[in-house]
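These notes concern the structure reproduced below.
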Amino acid sequence: MNIIKRELESDFKSIIIWSISMILLIIAVMTEFDAFRDSPAINDVLDSFPDAMLSALGFLDADMTTLTGFISLISLYIYLPLSIHASLLGSSIISKEERDKTAEFLFTLPISRKKVILHKIIAATLELISLNVVTVLTIIIISMRYNPSNEYYKFLSLLFVGIFISQLIFLSIGMSIASVIKRYKKSGNISLTILLVTYIISVLIGLTDKLNFLKYITPFEYFKASYIAGNLNLKLEYIVISLIIIAIGIISTFLFYPKRDLHL
């Protein structure tokens, strides 16, 4: 428990900065809804664009004059930063002892490396939850002025469940990479590269149906806001795939990190 507290305290400033950034981002983006809500013609403008382009941008079948449609439209501004945060957190929370030169102190304590990793994972998960909650509460508070329906709140809850699962995916990937890579400075760059590649793949899938077979390798395709808005559920197959990826990431962290030489 002391390690969890120590991790949360050391990352407190980062959590505050990320939380404030997400609040400001959501406020800035949500202010645009008033303009779209009062302009039904905006949907006709979107319909004039090719479906492939709209799909790649996440605009396909989105009614921008409704809260659900608008949140579906701006979901990328939520998915990307929260996924980037999770990816960086995964790599840093494992490698920070080398970065901050505290490994010698931590691992001389009467506690196994595996227990240290477990506590770090718990602390990282709590950080993801806190940032997730701050973001969704900001959206809810801003949305209240529009008297949203119960279906909107169901959509929002499912969307953020999907986002949280995506965060866990990138967290586990970041941790496993940091556990395998010998030089801690490279782990963050590799984790971000994987995230950006999977995002680009998701964009390409939206441009052409010929790449649909790649949808299983990019988390950005698993819980698309447009699908959630139209069906008010999450696809079971993607939940299962996500859990498998998360399990592989966590298991590999437990396998490789205890054997890893620390560069002090």
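As shown in the structure tokens, the chain order sets the letters A, B, ...; within each chain, residues go from 1, and ligands are also counted from 1 in the order they appear.
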
Checklist entry - Can you list, as an NGL selection string, every protein, DNA or RNA residue that comes within 9 Å of region 67-70 of chain A when you count only C-alpha atoms, leaving out same-chain residues fewer than 2 positions away? => result :A and (30 or 33 or 36-37 or 59 or 61-65 or 72-75 or 143 or 146 or 148 or 151-153 or 155-156 or 225-226 or 229)

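For the atom pair formed by CA of Ile181 (chain A) and CA of Phe164 (chain A), the distance is 25.6 Å, given to one decimal.
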
Do a neighbour search on region 116-132 of chain A at 9 Å with only C-alpha atoms, toss out local chain neighbours closer than 4 positions, and write the hits as an mmCIF file with N, CA, C and O atoms, in the first residue's frame.
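Resulting contents of result00.cif:
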```
data_model
loop_
_atom_site.group_PDB
_atom_site.id
_atom_site.type_symbol
_atom_site.label_atom_id
_atom_site.label_comp_id
_atom_site.auth_asym_id
_atom_site.auth_seq_id
_atom_site.Cartn_x
_atom_site.Cartn_y
_atom_site.Cartn_z
ATOM 1 N N MET A 1 0.826 -1.208 0.000
ATOM 2 C CA MET A 1 0.000 0.000 0.000
ATOM 3 C C MET A 1 0.860 1.258 0.000
ATOM 4 O O MET A 1 0.508 2.265 -0.600
ATOM 5 N N ASN A 2 2.035 1.213 0.658
ATOM 6 C CA ASN A 2 2.926 2.365 0.677
ATOM 7 C C ASN A 2 3.437 2.691 -0.722
ATOM 8 O O ASN A 2 3.641 3.854 -1.061
ATOM 9 N N ILE A 3 3.662 1.647 -1.528
ATOM 10 C CA ILE A 3 4.137 1.866 -2.898
ATOM 11 C C ILE A 3 3.041 2.536 -3.727
ATOM 12 O O ILE A 3 3.317 3.446 -4.514
ATOM 13 N N ILE A 4 1.803 2.104 -3.553
ATOM 14 C CA ILE A 4 0.683 2.725 -4.272
ATOM 15 C C ILE A 4 0.590 4.207 -3.919
ATOM 16 O O ILE A 4 0.455 5.066 -4.800
ATOM 17 N N LYS A 5 0.665 4.499 -2.621
ATOM 18 C CA LYS A 5 0.605 5.890 -2.166
ATOM 19 C C LYS A 5 1.775 6.690 -2.721
ATOM 20 O O LYS A 5 1.614 7.837 -3.164
ATOM 21 N N ARG A 6 2.949 6.072 -2.729
ATOM 22 C CA ARG A 6 4.151 6.739 -3.233
ATOM 23 C C ARG A 6 4.018 7.060 -4.717
ATOM 24 O O ARG A 6 4.381 8.161 -5.164
ATOM 25 N N GLU A 7 3.473 6.111 -5.490
ATOM 26 C CA GLU A 7 3.288 6.333 -6.926
ATOM 27 C C GLU A 7 2.279 7.439 -7.184
ATOM 28 O O GLU A 7 2.496 8.303 -8.045
ATOM 29 N N LEU A 8 1.174 7.426 -6.457
ATOM 30 C CA LEU A 8 0.143 8.442 -6.651
ATOM 31 C C LEU A 8 0.667 9.831 -6.273
ATOM 32 O O LEU A 8 0.356 10.825 -6.948
ATOM 33 N N ASP A 11 3.076 11.104 -8.961
ATOM 34 C CA ASP A 11 2.403 11.455 -10.216
ATOM 35 C C ASP A 11 1.289 12.489 -10.024
ATOM 36 O O ASP A 11 0.566 12.797 -10.975
ATOM 37 N N PHE A 12 1.146 13.000 -8.807
ATOM 38 C CA PHE A 12 0.032 13.909 -8.505
ATOM 39 C C PHE A 12 0.049 15.145 -9.407
ATOM 40 O O PHE A 12 -0.981 15.535 -9.962
ATOM 41 N N ILE A 15 -1.081 14.218 -12.859
ATOM 42 C CA ILE A 15 -2.529 13.977 -12.910
ATOM 43 C C ILE A 15 -3.285 15.304 -12.970
ATOM 44 O O ILE A 15 -4.240 15.458 -13.733
ATOM 45 N N ILE A 16 -2.863 16.263 -12.161
ATOM 46 C CA ILE A 16 -3.515 17.575 -12.142
ATOM 47 C C ILE A 16 -3.384 18.264 -13.493
ATOM 48 O O ILE A 16 -4.361 18.820 -14.029
ATOM 49 N N TRP A 18 -2.822 16.900 -16.486
ATOM 50 C CA TRP A 18 -3.634 16.198 -17.482
ATOM 51 C C TRP A 18 -5.124 16.474 -17.269
ATOM 52 O O TRP A 18 -5.881 16.659 -18.236
ATOM 53 N N SER A 19 -5.564 16.519 -16.015
ATOM 54 C CA SER A 19 -6.979 16.760 -15.715
ATOM 55 C C SER A 19 -7.393 18.153 -16.169
ATOM 56 O O SER A 19 -8.444 18.325 -16.819
ATOM 57 N N MET A 22 -7.602 18.256 -19.948
ATOM 58 C CA MET A 22 -8.803 17.624 -20.487
ATOM 59 C C MET A 22 -10.036 18.479 -20.235
ATOM 60 O O MET A 22 -10.920 18.592 -21.102
ATOM 61 N N LEU A 82 -6.393 10.583 -23.939
ATOM 62 C CA LEU A 82 -6.447 9.637 -22.829
ATOM 63 C C LEU A 82 -5.623 8.384 -23.132
ATOM 64 O O LEU A 82 -5.007 7.806 -22.234
ATOM 65 N N HIS A 85 -1.933 9.402 -22.770
ATOM 66 C CA HIS A 85 -1.603 9.448 -21.341
ATOM 67 C C HIS A 85 -1.375 8.038 -20.796
ATOM 68 O O HIS A 85 -0.399 7.786 -20.077
ATOM 69 N N ALA A 86 -2.256 7.109 -21.140
ATOM 70 C CA ALA A 86 -2.139 5.740 -20.651
ATOM 71 C C ALA A 86 -0.864 5.077 -21.158
ATOM 72 O O ALA A 86 -0.180 4.364 -20.412
ATOM 73 N N LEU A 89 2.079 6.637 -19.364
ATOM 74 C CA LEU A 89 2.046 6.219 -17.963
ATOM 75 C C LEU A 89 2.550 4.788 -17.823
ATOM 76 O O LEU A 89 3.308 4.473 -16.896
ATOM 77 N N GLY A 90 2.132 3.910 -18.752
ATOM 78 C CA GLY A 90 2.556 2.515 -18.687
ATOM 79 C C GLY A 90 4.058 2.365 -18.766
ATOM 80 O O GLY A 90 4.658 1.592 -18.006
ATOM 81 N N ILE A 93 5.768 4.378 -15.483
ATOM 82 C CA ILE A 93 5.562 3.863 -14.125
ATOM 83 C C ILE A 93 6.436 2.635 -13.861
ATOM 84 O O ILE A 93 6.776 2.337 -12.718
ATOM 85 N N ILE A 94 6.844 1.953 -14.941
ATOM 86 C CA ILE A 94 7.736 0.811 -14.806
ATOM 87 C C ILE A 94 9.197 1.245 -14.784
ATOM 88 O O ILE A 94 10.022 0.709 -14.035
ATOM 89 N N LEU A 106 14.419 1.312 -3.730
ATOM 90 C CA LEU A 106 13.161 0.562 -3.747
ATOM 91 C C LEU A 106 13.399 -0.940 -3.676
ATOM 92 O O LEU A 106 12.741 -1.649 -2.910
ATOM 93 N N PHE A 107 14.357 -1.424 -4.453
ATOM 94 C CA PHE A 107 14.525 -2.875 -4.558
ATOM 95 C C PHE A 107 15.451 -3.463 -3.494
ATOM 96 O O PHE A 107 15.758 -4.651 -3.533
ATOM 97 N N ILE A 111 10.703 -6.567 -0.242
ATOM 98 C CA ILE A 111 9.506 -6.768 -1.062
ATOM 99 C C ILE A 111 9.943 -7.238 -2.442
ATOM 100 O O ILE A 111 10.951 -6.758 -2.976
ATOM 101 N N SER A 112 9.242 -8.192 -3.006
ATOM 102 C CA SER A 112 9.629 -8.752 -4.299
ATOM 103 C C SER A 112 9.305 -7.787 -5.431
ATOM 104 O O SER A 112 8.450 -6.908 -5.302
ATOM 105 N N VAL A 136 -15.344 12.655 -18.003
ATOM 106 C CA VAL A 136 -16.778 12.390 -18.202
ATOM 107 C C VAL A 136 -17.629 13.330 -17.357
ATOM 108 O O VAL A 136 -18.708 13.772 -17.800
ATOM 109 N N LEU A 137 -17.173 13.674 -16.156
ATOM 110 C CA LEU A 137 -17.931 14.610 -15.322
ATOM 111 C C LEU A 137 -17.982 15.991 -15.960
ATOM 112 O O LEU A 137 -19.011 16.686 -15.882
ATOM 113 N N PHE A 160 -17.462 5.703 -22.238
ATOM 114 C CA PHE A 160 -16.318 5.815 -21.331
ATOM 115 C C PHE A 160 -15.877 4.463 -20.779
ATOM 116 O O PHE A 160 -14.734 4.318 -20.361
ATOM 117 N N ILE A 163 -13.625 3.642 -23.600
ATOM 118 C CA ILE A 163 -12.405 4.443 -23.498
ATOM 119 C C ILE A 163 -11.500 3.902 -22.402
ATOM 120 O O ILE A 163 -10.276 3.799 -22.573
ATOM 121 N N PHE A 164 -12.086 3.521 -21.269
ATOM 122 C CA PHE A 164 -11.292 2.991 -20.158
ATOM 123 C C PHE A 164 -10.607 1.674 -20.555
ATOM 124 O O PHE A 164 -9.432 1.464 -20.224
ATOM 125 N N GLN A 167 -7.767 2.591 -22.640
ATOM 126 C CA GLN A 167 -6.682 3.082 -21.795
ATOM 127 C C GLN A 167 -5.888 1.919 -21.195
ATOM 128 O O GLN A 167 -4.651 1.950 -21.160
ATOM 129 N N LEU A 168 -6.596 0.907 -20.724
ATOM 130 C CA LEU A 168 -5.927 -0.259 -20.132
ATOM 131 C C LEU A 168 -5.081 -0.994 -21.168
ATOM 132 O O LEU A 168 -4.010 -1.519 -20.843
ATOM 133 N N LEU A 171 -1.994 1.118 -21.620
ATOM 134 C CA LEU A 171 -1.220 1.040 -20.374
ATOM 135 C C LEU A 171 -0.438 -0.267 -20.331
ATOM 136 O O LEU A 171 0.767 -0.266 -20.031
ATOM 137 N N SER A 172 -1.101 -1.379 -20.622
ATOM 138 C CA SER A 172 -0.444 -2.692 -20.574
ATOM 139 C C SER A 172 0.647 -2.804 -21.631
ATOM 140 O O SER A 172 1.694 -3.401 -21.386
ATOM 141 N N MET A 175 3.634 -0.800 -20.357
ATOM 142 C CA MET A 175 4.326 -1.495 -19.273
ATOM 143 C C MET A 175 5.164 -2.656 -19.808
ATOM 144 O O MET A 175 6.302 -2.860 -19.383
ATOM 145 N N ILE A 250 0.138 -7.486 -19.205
ATOM 146 C CA ILE A 250 0.403 -7.596 -17.769
ATOM 147 C C ILE A 250 1.262 -8.828 -17.458
ATOM 148 O O ILE A 250 2.237 -8.746 -16.678
ATOM 149 N N THR A 253 4.778 -8.275 -18.436
ATOM 150 C CA THR A 253 5.434 -7.379 -17.473
ATOM 151 C C THR A 253 5.920 -8.154 -16.257
ATOM 152 O O THR A 253 7.056 -7.984 -15.801
ATOM 153 N N PHE A 254 5.065 -9.040 -15.741
ATOM 154 C CA PHE A 254 5.444 -9.861 -14.591
ATOM 155 C C PHE A 254 6.557 -10.852 -14.939
ATOM 156 O O PHE A 254 7.367 -11.201 -14.078
ATOM 157 N N TYR A 257 10.056 -8.134 -16.306
ATOM 158 C CA TYR A 257 10.644 -7.103 -15.454
ATOM 159 C C TYR A 257 11.482 -7.667 -14.301
ATOM 160 O O TYR A 257 12.549 -7.137 -14.008
ATOM 161 N N PRO A 258 11.041 -8.738 -13.626
ATOM 162 C CA PRO A 258 11.876 -9.284 -12.545
ATOM 163 C C PRO A 258 13.243 -9.770 -13.026
ATOM 164 O O PRO A 258 14.185 -9.839 -12.235
#
```

Checklist entry - Quick one: distance from CA of Val161 (chain A) to CA of Ala35 (chain A) in Å, one decimal? => result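 For CA of Val161 (chain A) relative to CA of Ala35 (chain A), the distance reads 28.5 Å.
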
Item to check | Proximity to Lys182 (chain A) - best of A:Ser95, A:Leu24, A:Thr31, A:Phe170, only C-alpha atoms | outcome: A:Ser95

Checklist entry - How would you write, as a ChimeraX atom specification, the set of residues in region 10-253 of chain A that DSSP gives as alpha helix (DSSP H)? => result /A:10,12-30,33-37,41-47,51-57,67-74,76-99,103-106,113-143,150-180,184-207,225-231,236-253

Next on the checklist: Taking only C-alpha atoms into account, name the residue in A:Leu76, A:Asn150, A:Leu88, A:Ile71 that is nearest to Val203 (chain A).
Outcome noted: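 Ranked by minimum distance to Val203 (chain A), first place goes to A:Leu76.
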
Item to check | Of the listed residues A:Leu255, A:Leu195, A:Ile26, A:Ile217, that which approaches Ile173 (chain A) most closely, counting only C-alpha atoms | outcome: A:Leu195

I'd like the contact shell of Phe213 (chain A) - 12 Å cut-off, only C-alpha atoms, skipping same-chain residues fewer than 6 positions apart - returned as a PDB file with all heavy atoms, in the first residue's frame.
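Resulting contents of selection-v3.pdb:
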```pdb
ATOM      1  N   ILE A 201      -3.763   3.216 -38.856  1.00  0.00           N
ATOM      2  CA  ILE A 201      -4.431   2.055 -39.434  1.00  0.00           C
ATOM      3  C   ILE A 201      -5.942   2.224 -39.358  1.00  0.00           C
ATOM      4  O   ILE A 201      -6.675   1.919 -40.302  1.00  0.00           O
ATOM      5  CB  ILE A 201      -4.006   0.761 -38.712  1.00  0.00           C
ATOM      6  CG1 ILE A 201      -2.544   0.440 -39.026  1.00  0.00           C
ATOM      7  CG2 ILE A 201      -4.899  -0.422 -39.126  1.00  0.00           C
ATOM      8  CD1 ILE A 201      -1.991  -0.724 -38.235  1.00  0.00           C
ATOM      9  N   SER A 202      -6.422   2.749 -38.228  1.00  0.00           N
ATOM     10  CA  SER A 202      -7.858   2.980 -38.056  1.00  0.00           C
ATOM     11  C   SER A 202      -8.379   3.978 -39.084  1.00  0.00           C
ATOM     12  O   SER A 202      -9.459   3.792 -39.648  1.00  0.00           O
ATOM     13  CB  SER A 202      -8.131   3.495 -36.633  1.00  0.00           C
ATOM     14  OG  SER A 202      -9.491   3.809 -36.453  1.00  0.00           O
ATOM     15  N   LEU A 204      -7.044   4.566 -42.048  1.00  0.00           N
ATOM     16  CA  LEU A 204      -6.985   3.914 -43.359  1.00  0.00           C
ATOM     17  C   LEU A 204      -8.146   2.953 -43.546  1.00  0.00           C
ATOM     18  O   LEU A 204      -8.682   2.814 -44.656  1.00  0.00           O
ATOM     19  CB  LEU A 204      -5.657   3.177 -43.516  1.00  0.00           C
ATOM     20  CG  LEU A 204      -4.404   4.066 -43.591  1.00  0.00           C
ATOM     21  CD1 LEU A 204      -3.144   3.210 -43.637  1.00  0.00           C
ATOM     22  CD2 LEU A 204      -4.467   4.993 -44.802  1.00  0.00           C
ATOM     23  N   ILE A 205      -8.537   2.277 -42.473  1.00  0.00           N
ATOM     24  CA  ILE A 205      -9.693   1.363 -42.545  1.00  0.00           C
ATOM     25  C   ILE A 205     -10.945   2.136 -42.929  1.00  0.00           C
ATOM     26  O   ILE A 205     -11.795   1.651 -43.676  1.00  0.00           O
ATOM     27  CB  ILE A 205      -9.889   0.640 -41.197  1.00  0.00           C
ATOM     28  CG1 ILE A 205      -8.758  -0.363 -40.960  1.00  0.00           C
ATOM     29  CG2 ILE A 205     -11.233  -0.080 -41.150  1.00  0.00           C
ATOM     30  CD1 ILE A 205      -8.766  -0.980 -39.585  1.00  0.00           C
ATOM     31  N   GLY A 206     -11.058   3.354 -42.394  1.00  0.00           N
ATOM     32  CA  GLY A 206     -12.216   4.181 -42.718  1.00  0.00           C
ATOM     33  C   GLY A 206     -12.234   4.631 -44.171  1.00  0.00           C
ATOM     34  O   GLY A 206     -13.300   4.924 -44.724  1.00  0.00           O
ATOM     35  N   GLU A 221     -10.548   0.879 -33.268  1.00  0.00           N
ATOM     36  CA  GLU A 221     -11.699   0.331 -33.967  1.00  0.00           C
ATOM     37  C   GLU A 221     -12.620  -0.444 -33.036  1.00  0.00           C
ATOM     38  O   GLU A 221     -13.727  -0.807 -33.424  1.00  0.00           O
ATOM     39  CB  GLU A 221     -11.231  -0.596 -35.102  1.00  0.00           C
ATOM     40  CG  GLU A 221     -10.649   0.117 -36.299  1.00  0.00           C
ATOM     41  CD  GLU A 221     -11.686   0.910 -37.064  1.00  0.00           C
ATOM     42  OE1 GLU A 221     -12.711   0.330 -37.444  1.00  0.00           O
ATOM     43  OE2 GLU A 221     -11.476   2.123 -37.278  1.00  0.00           O
TER      44      GLU A 221
END
```

Next on the checklist: Please report the interatomic distance between CA of Ile23 (chain A) and CA of Thr138 (chain A) in Å with one decimal.
Outcome noted: 6.3 Å
